$ cat query_25.cif   # mmCIF, C-alpha atoms
data_my_file
#
loop_
_atom_site.group_PDB
_atom_site.id
_atom_site.type_symbol
_atom_site.label_atom_id
_atom_site.label_comp_id
_atom_site.auth_asym_id
_atom_site.auth_seq_id
_atom_site.Cartn_x
_atom_site.Cartn_y
_atom_site.Cartn_z
ATOM 1 C CA MET A 1 30.449 -19.883 -31.794
ATOM 2 C CA LYS A 2 32.836 -22.388 -30.219
ATOM 3 C CA PRO A 3 31.420 -24.677 -27.529
ATOM 4 C CA LEU A 4 32.623 -24.312 -23.975
ATOM 5 C CA THR A 5 35.805 -26.152 -23.155
ATOM 6 C CA LYS A 6 36.047 -28.469 -20.164
ATOM 7 C CA GLN A 7 38.414 -25.996 -18.540
ATOM 8 C CA ALA A 8 35.885 -23.148 -18.949
ATOM 9 C CA VAL A 9 33.049 -25.273 -17.552
ATOM 10 C CA ALA A 10 35.216 -26.302 -14.584
ATOM 11 C CA GLY A 11 36.020 -22.680 -13.835
ATOM 12 C CA LEU A 12 32.352 -21.691 -14.019
ATOM 13 C CA ARG A 13 31.411 -24.630 -11.788
ATOM 14 C CA ASN A 14 33.869 -23.478 -9.136
ATOM 15 C CA GLN A 15 32.469 -19.955 -9.385
ATOM 16 C CA LEU A 16 28.913 -21.250 -8.901
ATOM 17 C CA ILE A 17 29.913 -23.360 -5.910
ATOM 18 C CA GLU A 18 31.714 -20.408 -4.329
ATOM 19 C CA ASP A 19 28.686 -18.149 -4.879
ATOM 20 C CA ARG A 20 26.395 -20.739 -3.296
ATOM 21 C CA GLN A 21 28.634 -21.138 -0.257
ATOM 22 C CA ARG A 22 28.925 -17.367 0.130
ATOM 23 C CA ILE A 23 25.151 -16.818 0.052
ATOM 24 C CA GLU A 24 24.430 -19.716 2.394
ATOM 25 C CA GLN A 25 27.017 -18.461 4.884
ATOM 26 C CA LYS A 26 25.609 -14.951 4.696
ATOM 27 C CA LEU A 27 22.124 -16.240 5.501
ATOM 28 C CA ILE A 28 23.488 -18.193 8.466
ATOM 29 C CA ASP A 29 25.454 -15.215 9.806
ATOM 30 C CA ASN A 30 22.554 -12.781 9.706
ATOM 31 C CA GLU A 31 19.968 -15.405 10.719
ATOM 32 C CA HIS A 32 18.179 -15.116 7.395
ATOM 33 C CA TYR A 33 17.975 -11.322 7.686
ATOM 34 C CA GLY A 34 16.635 -11.612 11.219
ATOM 35 C CA LEU A 35 13.502 -13.413 10.098
ATOM 36 C CA GLY A 36 14.146 -16.297 12.444
ATOM 37 C CA ASP A 37 12.303 -14.407 15.184
ATOM 38 C CA SER A 38 8.924 -12.735 15.161
ATOM 39 C CA GLN A 39 8.549 -8.982 14.903
ATOM 40 C CA ARG A 40 7.268 -8.899 18.469
ATOM 41 C CA VAL A 41 10.482 -10.503 19.727
ATOM 42 C CA LEU A 42 12.774 -8.261 17.665
ATOM 43 C CA THR A 43 11.072 -5.016 18.723
ATOM 44 C CA GLY A 44 10.413 -5.980 22.332
ATOM 45 C CA GLU A 45 6.776 -4.949 21.931
ATOM 46 C CA LEU A 46 4.008 -6.959 23.532
ATOM 47 C CA SER A 47 2.073 -6.808 20.292
ATOM 48 C CA PRO A 48 2.884 -5.755 16.700
ATOM 49 C CA ILE A 49 -0.518 -4.007 16.651
ATOM 50 C CA ASP A 50 -0.304 -0.663 18.450
ATOM 51 C CA ASN A 51 -2.854 2.035 19.168
ATOM 52 C CA HIS A 52 -1.173 4.194 16.547
ATOM 53 C CA PRO A 53 -0.269 2.528 13.217
ATOM 54 C CA GLY A 54 2.792 4.769 12.839
ATOM 55 C CA ASP A 55 4.474 3.479 15.988
ATOM 56 C CA LEU A 56 5.685 0.300 14.282
ATOM 57 C CA ALA A 57 5.805 1.654 10.729
ATOM 58 C CA THR A 58 9.600 1.670 10.505
ATOM 59 C CA GLU A 59 9.906 -1.858 11.878
ATOM 60 C CA THR A 60 7.207 -3.095 9.503
ATOM 61 C CA TYR A 61 8.957 -1.444 6.538
ATOM 62 C CA GLU A 62 12.300 -2.994 7.482
ATOM 63 C CA ARG A 63 10.577 -6.352 7.927
ATOM 64 C CA GLY A 64 9.199 -6.191 4.412
ATOM 65 C CA LYS A 65 12.607 -5.204 3.027
ATOM 66 C CA ASP A 66 14.258 -8.146 4.793
ATOM 67 C CA ILE A 67 11.688 -10.525 3.320
ATOM 68 C CA ALA A 68 12.423 -9.184 -0.180
ATOM 69 C CA LEU A 69 16.193 -9.595 0.317
ATOM 70 C CA LEU A 70 15.738 -13.143 1.596
ATOM 71 C CA GLU A 71 13.555 -14.054 -1.392
ATOM 72 C CA GLN A 72 16.223 -12.623 -3.721
ATOM 73 C CA ASP A 73 18.953 -14.755 -2.158
ATOM 74 C CA GLU A 74 16.763 -17.865 -2.236
ATOM 75 C CA LEU A 75 16.027 -17.244 -5.920
ATOM 76 C CA HIS A 76 19.759 -16.850 -6.589
ATOM 77 C CA LEU A 77 20.460 -20.172 -4.851
ATOM 78 C CA ALA A 78 17.751 -21.897 -6.881
ATOM 79 C CA ARG A 79 19.260 -20.629 -10.135
ATOM 80 C CA ILE A 80 22.733 -21.772 -9.081
ATOM 81 C CA ASP A 81 21.392 -25.270 -8.384
ATOM 82 C CA GLU A 82 19.683 -25.322 -11.802
ATOM 83 C CA ALA A 83 22.925 -24.285 -13.488
ATOM 84 C CA LEU A 84 24.924 -27.012 -11.699
ATOM 85 C CA GLU A 85 22.294 -29.576 -12.657
ATOM 86 C CA ALA A 86 22.527 -28.442 -16.302
ATOM 87 C CA MET A 87 26.300 -28.950 -16.117
ATOM 88 C CA ASN A 88 25.816 -32.506 -14.894
ATOM 89 C CA LYS A 89 23.448 -33.186 -17.799
ATOM 90 C CA GLY A 90 25.778 -31.623 -20.355
ATOM 91 C CA GLU A 91 23.228 -28.913 -21.213
ATOM 92 C CA TYR A 92 25.042 -25.967 -19.669
ATOM 93 C CA GLY A 93 25.950 -23.096 -21.989
ATOM 94 C CA LEU A 94 22.958 -23.617 -24.294
ATOM 95 C CA CYS A 95 19.926 -21.355 -24.158
ATOM 96 C CA ARG A 96 16.891 -23.216 -22.843
ATOM 97 C CA SER A 97 14.635 -21.177 -25.102
ATOM 98 C CA CYS A 98 16.314 -21.241 -28.517
ATOM 99 C CA GLY A 99 19.162 -23.720 -28.026
ATOM 100 C CA ALA A 100 21.810 -21.258 -29.165
ATOM 101 C CA ALA A 101 25.199 -21.182 -27.452
ATOM 102 C CA ILE A 102 25.513 -18.592 -24.692
ATOM 103 C CA PRO A 103 28.668 -16.422 -25.041
ATOM 104 C CA LEU A 104 31.407 -17.157 -22.533
ATOM 105 C CA GLU A 105 31.521 -13.479 -21.530
ATOM 106 C CA ARG A 106 27.865 -13.648 -20.459
ATOM 107 C CA LEU A 107 28.435 -16.844 -18.509
ATOM 108 C CA GLN A 108 31.412 -15.333 -16.717
ATOM 109 C CA ALA A 109 29.268 -12.358 -15.692
ATOM 110 C CA LEU A 110 26.187 -14.479 -14.838
ATOM 111 C CA PRO A 111 27.337 -18.071 -14.405
ATOM 112 C CA GLU A 112 23.872 -19.123 -13.169
ATOM 113 C CA THR A 113 22.107 -18.004 -16.348
ATOM 114 C CA LEU A 114 20.527 -20.594 -18.605
ATOM 115 C CA TYR A 115 19.318 -18.188 -21.302
ATOM 116 C CA CYS A 116 20.861 -15.999 -23.957
ATOM 117 C CA VAL A 117 20.393 -12.236 -23.823
ATOM 118 C CA GLU A 118 17.497 -12.257 -26.308
ATOM 119 C CA HIS A 119 15.448 -14.795 -24.342
ATOM 120 C CA SER A 120 16.381 -13.918 -20.776
ATOM 121 C CA PRO A 121 13.226 -13.828 -18.608
ATOM 122 C CA GLN A 122 14.782 -10.970 -16.637
ATOM 123 C CA ARG A 123 14.518 -8.749 -19.722
ATOM 124 C CA ASP A 124 10.717 -8.779 -19.482
ATOM 125 C CA GLU A 125 9.366 -5.917 -17.426
ATOM 126 C CA SER A 126 6.558 -7.127 -15.229
ATOM 127 C CA HIS A 127 3.363 -5.087 -15.180
ATOM 128 C CA HIS A 128 1.664 -7.249 -12.607
ATOM 129 C CA ARG A 129 0.329 -5.357 -9.619
ATOM 130 C CA PRO A 130 -0.253 -6.670 -6.089
ATOM 131 C CA VAL A 131 -3.704 -8.173 -5.702
ATOM 132 C CA GLU A 132 -4.214 -5.964 -2.633
ATOM 133 C CA GLU A 133 -4.500 -2.937 -4.926
ATOM 134 C CA GLU A 134 -7.876 -4.224 -6.082
ATOM 135 C CA PHE A 135 -9.171 -3.283 -2.659
ATOM 136 C CA LEU A 136 -7.696 0.232 -2.848
ATOM 137 C CA ASN A 137 -9.441 1.349 -6.006
ATOM 138 C CA PRO A 138 -11.872 3.037 -5.699
ATOM 139 C CA PRO A 139 -10.985 4.639 -2.362
ATOM 140 C CA PHE A 140 -12.064 2.512 0.603
ATOM 141 C CA GLY A 141 -12.129 -0.500 -1.693
ATOM 142 C CA ARG A 142 -15.221 -2.265 -2.856
ATOM 143 C CA SER A 143 -17.186 -0.886 0.087
ATOM 144 C CA SER A 144 -17.169 2.625 -1.440
ATOM 145 C CA MET A 145 -20.437 3.572 -3.100
ATOM 146 C CA ASP A 146 -19.516 7.100 -4.229
ATOM 147 C CA GLU A 147 -19.603 6.035 -7.860
ATOM 148 C CA GLN A 148 -23.206 4.904 -7.508
ATOM 149 C CA SER A 149 -25.308 8.071 -7.521
ATOM 150 C CA SER A 150 -28.442 6.154 -6.617
ATOM 151 C CA TYR A 151 -26.931 4.826 -3.370
ATOM 152 C CA ALA A 152 -27.330 6.995 -0.277
ATOM 153 C CA GLY A 153 -26.733 4.432 2.468
ATOM 154 C CA PHE A 154 -23.856 3.638 4.794
ATOM 155 C CA ASP A 155 -20.646 2.612 3.016
ATOM 156 C CA GLY A 156 -16.914 2.159 3.625
ATOM 157 C CA GLU A 157 -16.199 5.873 3.590
ATOM 158 C CA ASP A 158 -18.774 6.460 6.312
ATOM 159 C CA ALA A 159 -17.189 3.705 8.396
ATOM 160 C CA TRP A 160 -13.788 5.365 8.067
ATOM 161 C CA GLN A 161 -15.191 8.768 9.014
ATOM 162 C CA ILE A 162 -16.566 7.318 12.247
ATOM 163 C CA VAL A 163 -13.182 5.814 13.109
ATOM 164 C CA GLU A 164 -11.401 9.007 12.059
ATOM 165 C CA SER A 165 -13.560 11.098 14.407
ATOM 166 C CA TRP A 166 -11.666 9.514 17.294
ATOM 167 C CA GLY A 167 -8.404 10.922 16.023
ATOM 168 C CA ASN A 168 -5.809 10.576 13.312
ATOM 169 C CA SER A 169 -2.193 11.580 12.695
ATOM 170 C CA ASN A 170 -3.203 14.843 11.019
ATOM 171 C CA THR A 171 -3.766 17.583 13.610
ATOM 172 C CA PRO A 172 -4.269 21.366 13.693
ATOM 173 C CA ALA A 173 -0.755 21.627 15.162
ATOM 174 C CA LEU A 174 0.601 20.879 11.668
ATOM 175 C CA ALA A 175 -1.525 23.537 9.962
ATOM 176 C CA GLU A 176 -0.439 27.074 9.123
ATOM 177 C CA ASP A 177 -3.796 28.375 10.329
ATOM 178 C CA THR A 178 -3.813 27.830 14.098
ATOM 179 C CA ASP A 179 -7.522 28.687 14.346
ATOM 180 C CA ILE A 180 -8.641 25.738 12.248
ATOM 181 C CA GLU A 181 -10.844 23.167 13.949
ATOM 182 C CA TYR A 182 -9.813 19.537 14.262
ATOM 183 C CA GLU A 183 -12.907 18.401 12.352
ATOM 184 C CA LYS A 184 -11.690 20.290 9.274
ATOM 185 C CA PHE A 185 -8.863 17.765 8.856
ATOM 186 C CA MET A 186 -11.203 14.841 8.341
ATOM 187 C CA ILE A 187 -12.100 13.385 4.974
ATOM 188 C CA GLU A 188 -14.859 15.454 3.332
ATOM 189 C CA ALA A 189 -15.234 17.518 6.481
ATOM 190 C CA ASP A 190 -17.661 19.828 4.696
ATOM 191 C CA GLU A 191 -19.962 16.957 3.771
ATOM 192 C CA ASN A 192 -23.564 17.342 4.909
ATOM 193 C CA GLU A 193 -24.547 14.747 7.496
ATOM 194 C CA GLY A 194 -28.177 13.665 7.596
ATOM 195 C CA PHE A 195 -29.331 16.111 4.913
ATOM 196 C CA VAL A 196 -28.646 17.103 1.322
ATOM 197 C CA GLU A 197 -29.121 20.869 1.106
ATOM 198 C CA SER A 198 -27.470 23.008 3.784
ATOM 199 C CA TYR A 199 -30.743 24.740 4.744
ATOM 200 C CA GLU A 200 -32.307 21.399 5.627
ATOM 201 C CA SER A 201 -30.175 21.299 8.785
ATOM 202 C CA PHE A 202 -32.175 24.084 10.439
ATOM 203 C CA LEU A 203 -35.653 23.591 8.948
ATOM 204 C CA ALA A 204 -38.327 21.658 10.813
ATOM 205 C CA THR A 205 -41.916 20.633 10.140
ATOM 206 C CA ASP A 206 -44.811 19.556 12.295
ATOM 207 C CA ILE A 207 -46.177 16.017 12.352
ATOM 208 C CA THR A 208 -48.339 16.696 9.328
ATOM 209 C CA GLY A 209 -45.528 18.226 7.308
ATOM 210 C CA THR A 210 -47.661 21.268 6.603
ATOM 211 C CA HIS A 211 -46.061 23.938 8.775
ATOM 212 C CA VAL A 212 -42.387 24.654 8.262
ATOM 213 C CA SER A 213 -40.323 26.423 10.913
ATOM 214 C CA VAL A 214 -36.769 27.726 11.110
ATOM 215 C CA VAL A 215 -34.536 26.707 13.994
ATOM 216 C CA ARG A 216 -31.939 29.421 14.542
ATOM 217 C CA SER A 217 -29.060 27.106 15.324
ATOM 218 C CA ARG A 218 -25.351 27.408 14.630
ATOM 219 C CA LYS A 219 -25.929 25.883 11.204
ATOM 220 C CA TYR A 220 -28.495 28.597 10.546
ATOM 221 C CA ARG A 221 -26.018 31.341 11.482
ATOM 222 C CA GLN A 222 -23.330 29.772 9.304
ATOM 223 C CA TYR A 223 -25.823 29.626 6.448
ATOM 224 C CA LEU A 224 -26.493 33.353 6.722
ATOM 225 C CA GLU A 225 -22.812 34.250 7.180
ATOM 226 C CA SER A 226 -21.933 32.360 4.010
ATOM 227 C CA GLY A 227 -24.251 34.652 2.074
ATOM 228 C CA GLU A 228 -26.607 31.886 1.018
ATOM 229 C CA GLY A 229 -29.653 33.008 3.014
ATOM 230 C CA ASP A 230 -31.784 36.122 3.321
ATOM 231 C CA PRO A 231 -31.458 37.514 6.895
ATOM 232 C CA LEU A 232 -35.073 38.715 7.176
ATOM 233 C CA LEU A 233 -36.100 36.528 10.094
ATOM 234 C CA GLU A 234 -36.326 37.788 13.639
ATOM 235 C CA ALA A 235 -33.949 36.408 16.262
ATOM 236 C CA GLU A 236 -36.419 34.048 17.901
ATOM 237 C CA THR A 237 -35.962 30.385 18.761
ATOM 238 C CA ASN A 238 -38.494 29.161 16.204
ATOM 239 C CA GLU A 239 -40.723 30.832 13.652
ATOM 240 C CA GLU A 240 -43.200 29.554 11.171
ATOM 241 C CA VAL A 241 -42.662 30.611 7.600
#
$ encode --input "query_25.cif" --output "structure tokens"
Amino acid sequence: MKPLTKQAVAGLRNQLIEDRQRIEQKLIDNEHYGLGDSQRVLTGELSPIDNHPGDLATETYERGKDIALLEQDELHLARIDEALEAMNKGEYGLCRSCGAAIPLERLQALPETLYCVEHSPQRDESHHRPVEEEFLNPPFGRSSMDEQSSYAGFDGEDAWQIVESWGNSNTPALAEDTDIEYEKFMIEADENEGFVESYESFLATDITGTHVSVVRSRKYRQYLESGEGDPLLEAETNEEV
């Protein structure tokens, strides 16, 4: 493959300089994608933390997109500077990995490239995941103890359920069944609280633990209606069995 002529290098240099000027001017015109001001200033909100996390969701999404676009332009500028430096050193047009000559057609399409097609870093598909995902698996992050059958204490899921009891974005208004209770929308709404077996919620014992009595509460009625119990008890407040 023939080496690049001085005329070809000069043309590619002009193209790189024009690309750099265009990107720099674009960043100046749009104030670096609006990242010159804080999110609070751009949205007019007193605080970027609202009572409802969905209120600023769109603005937060757009903010993240702008950051990604800015990083892309900054990376492009860095590669242009590296290509111009390689021209000054007389190394431009040679692959940094294998030393082979880079085809002119590739350089005309990507004048900032310093690698041949076979050794281009952009060909490698990244499988790296954000470090934040380590806190999302298992659910509720490392504070979840569901996988540990021997643990029965308070964990991250319990903490979320307490917060969720004060309200979330999922409401009965969005359900097809209008008679459904709000509590049914919560995570593991059918989970027993304070007991393991469902009948334990309406059984009571005396101080010695010898005499067992049945408290005919709402849980007791639900237990019978579900077909789990034997409705042989009289409708009294308490009864020893």
$ closest_residue --input "query_25.cif" --among "A:Gly227, A:Gly209, A:Gly99, A:Gly11" --to "Pro111 of chain A" --atoms "only C-alpha atoms"
A:Gly11
$ atom_distance --input "query_25.cif" --atom1 "atom CA of Phe154 of chain A" --atom2 "atom CA of Trp166 of chain A"
18.4 Å
$ resolve_selection --input "query_25.cif" --expression "the PyMOL selection byres ((chain A and resi 86) around 12)" --output "compact mmCIF listing (two decimals) with C-alpha atoms, keeping the file's coordinate frame"
# COMPACT_ATOMS: atom_id res chain seq x y z
CA VAL A 9 33.05 -25.27 -17.55
CA ARG A 13 31.41 -24.63 -11.79
CA ARG A 79 19.26 -20.63 -10.14
CA ILE A 80 22.73 -21.77 -9.08
CA ASP A 81 21.39 -25.27 -8.38
CA GLU A 82 19.68 -25.32 -11.80
CA ALA A 83 22.92 -24.28 -13.49
CA LEU A 84 24.92 -27.01 -11.70
CA GLU A 85 22.29 -29.58 -12.66
CA MET A 87 26.30 -28.95 -16.12
CA ASN A 88 25.82 -32.51 -14.89
CA LYS A 89 23.45 -33.19 -17.80
CA GLY A 90 25.78 -31.62 -20.36
CA GLU A 91 23.23 -28.91 -21.21
CA TYR A 92 25.04 -25.97 -19.67
CA GLY A 93 25.95 -23.10 -21.99
CA LEU A 94 22.96 -23.62 -24.29
CA CYS A 95 19.93 -21.36 -24.16
CA ARG A 96 16.89 -23.22 -22.84
CA PRO A 111 27.34 -18.07 -14.40
CA GLU A 112 23.87 -19.12 -13.17
CA THR A 113 22.11 -18.00 -16.35
CA LEU A 114 20.53 -20.59 -18.60
CA TYR A 115 19.32 -18.19 -21.30
$ atom_distance --input "query_25.cif" --atom1 "atom CA of Glu18 of chain A" --atom2 "atom CA of Glu31 of chain A"
19.7 Å
$ atom_distance --input "query_25.cif" --atom1 "atom CA of Ile162 of chain A" --atom2 "atom CA of Ser144 of chain A"
14.5 Å
$ closest_residue --input "query_25.cif" --among "A:Ser201, A:Gln148, A:Ser97, A:Ser165" --to "Cys116 of chain A" --atoms "only C-alpha atoms"
A:Ser97
$ closest_residue --input "query_25.cif" --among "A:Ile67, A:Leu27, A:Ala109, A:Val214" --to "Gln15 of chain A" --atoms "all atoms listed in the file"
A:Ala109
$ closest_residue --input "query_25.cif" --among "A:Thr205, A:Thr60, A:Gln108, A:Gln25" --to "Ala10 of chain A" --atoms "all atoms listed in the file"
A:Gln108
$ closest_residue --input "query_25.cif" --among "A:Asn14, A:Arg63, A:Ser213, A:Tyr151" --to "Asp37 of chain A" --atoms "all atoms listed in the file"
A:Arg63
$ residues_near_point --input "query_25.cif" --point "(15.6, -12.2, 6.9)" --cutoff "9 Å" --atoms "all atoms listed in the file" --output "PDB file with C-alpha atoms, in the coordinates of the input"
ATOM      1  CA  LEU A  27      22.124 -16.240   5.501  1.00  0.00           C
ATOM      2  CA  ASN A  30      22.554 -12.781   9.706  1.00  0.00           C
ATOM      3  CA  GLU A  31      19.968 -15.405  10.719  1.00  0.00           C
ATOM      4  CA  HIS A  32      18.179 -15.116   7.395  1.00  0.00           C
ATOM      5  CA  TYR A  33      17.975 -11.322   7.686  1.00  0.00           C
ATOM      6  CA  GLY A  34      16.635 -11.612  11.219  1.00  0.00           C
ATOM      7  CA  LEU A  35      13.502 -13.413  10.098  1.00  0.00           C
ATOM      8  CA  GLY A  36      14.146 -16.297  12.444  1.00  0.00           C
ATOM      9  CA  ARG A  63      10.577  -6.352   7.927  1.00  0.00           C
ATOM     10  CA  LYS A  65      12.607  -5.204   3.027  1.00  0.00           C
ATOM     11  CA  ASP A  66      14.258  -8.146   4.793  1.00  0.00           C
ATOM     12  CA  ILE A  67      11.688 -10.525   3.320  1.00  0.00           C
ATOM     13  CA  ALA A  68      12.423  -9.184  -0.180  1.00  0.00           C
ATOM     14  CA  LEU A  69      16.193  -9.595   0.317  1.00  0.00           C
ATOM     15  CA  LEU A  70      15.738 -13.143   1.596  1.00  0.00           C
ATOM     16  CA  GLU A  71      13.555 -14.054  -1.392  1.00  0.00           C
TER      17      GLU A  71
END
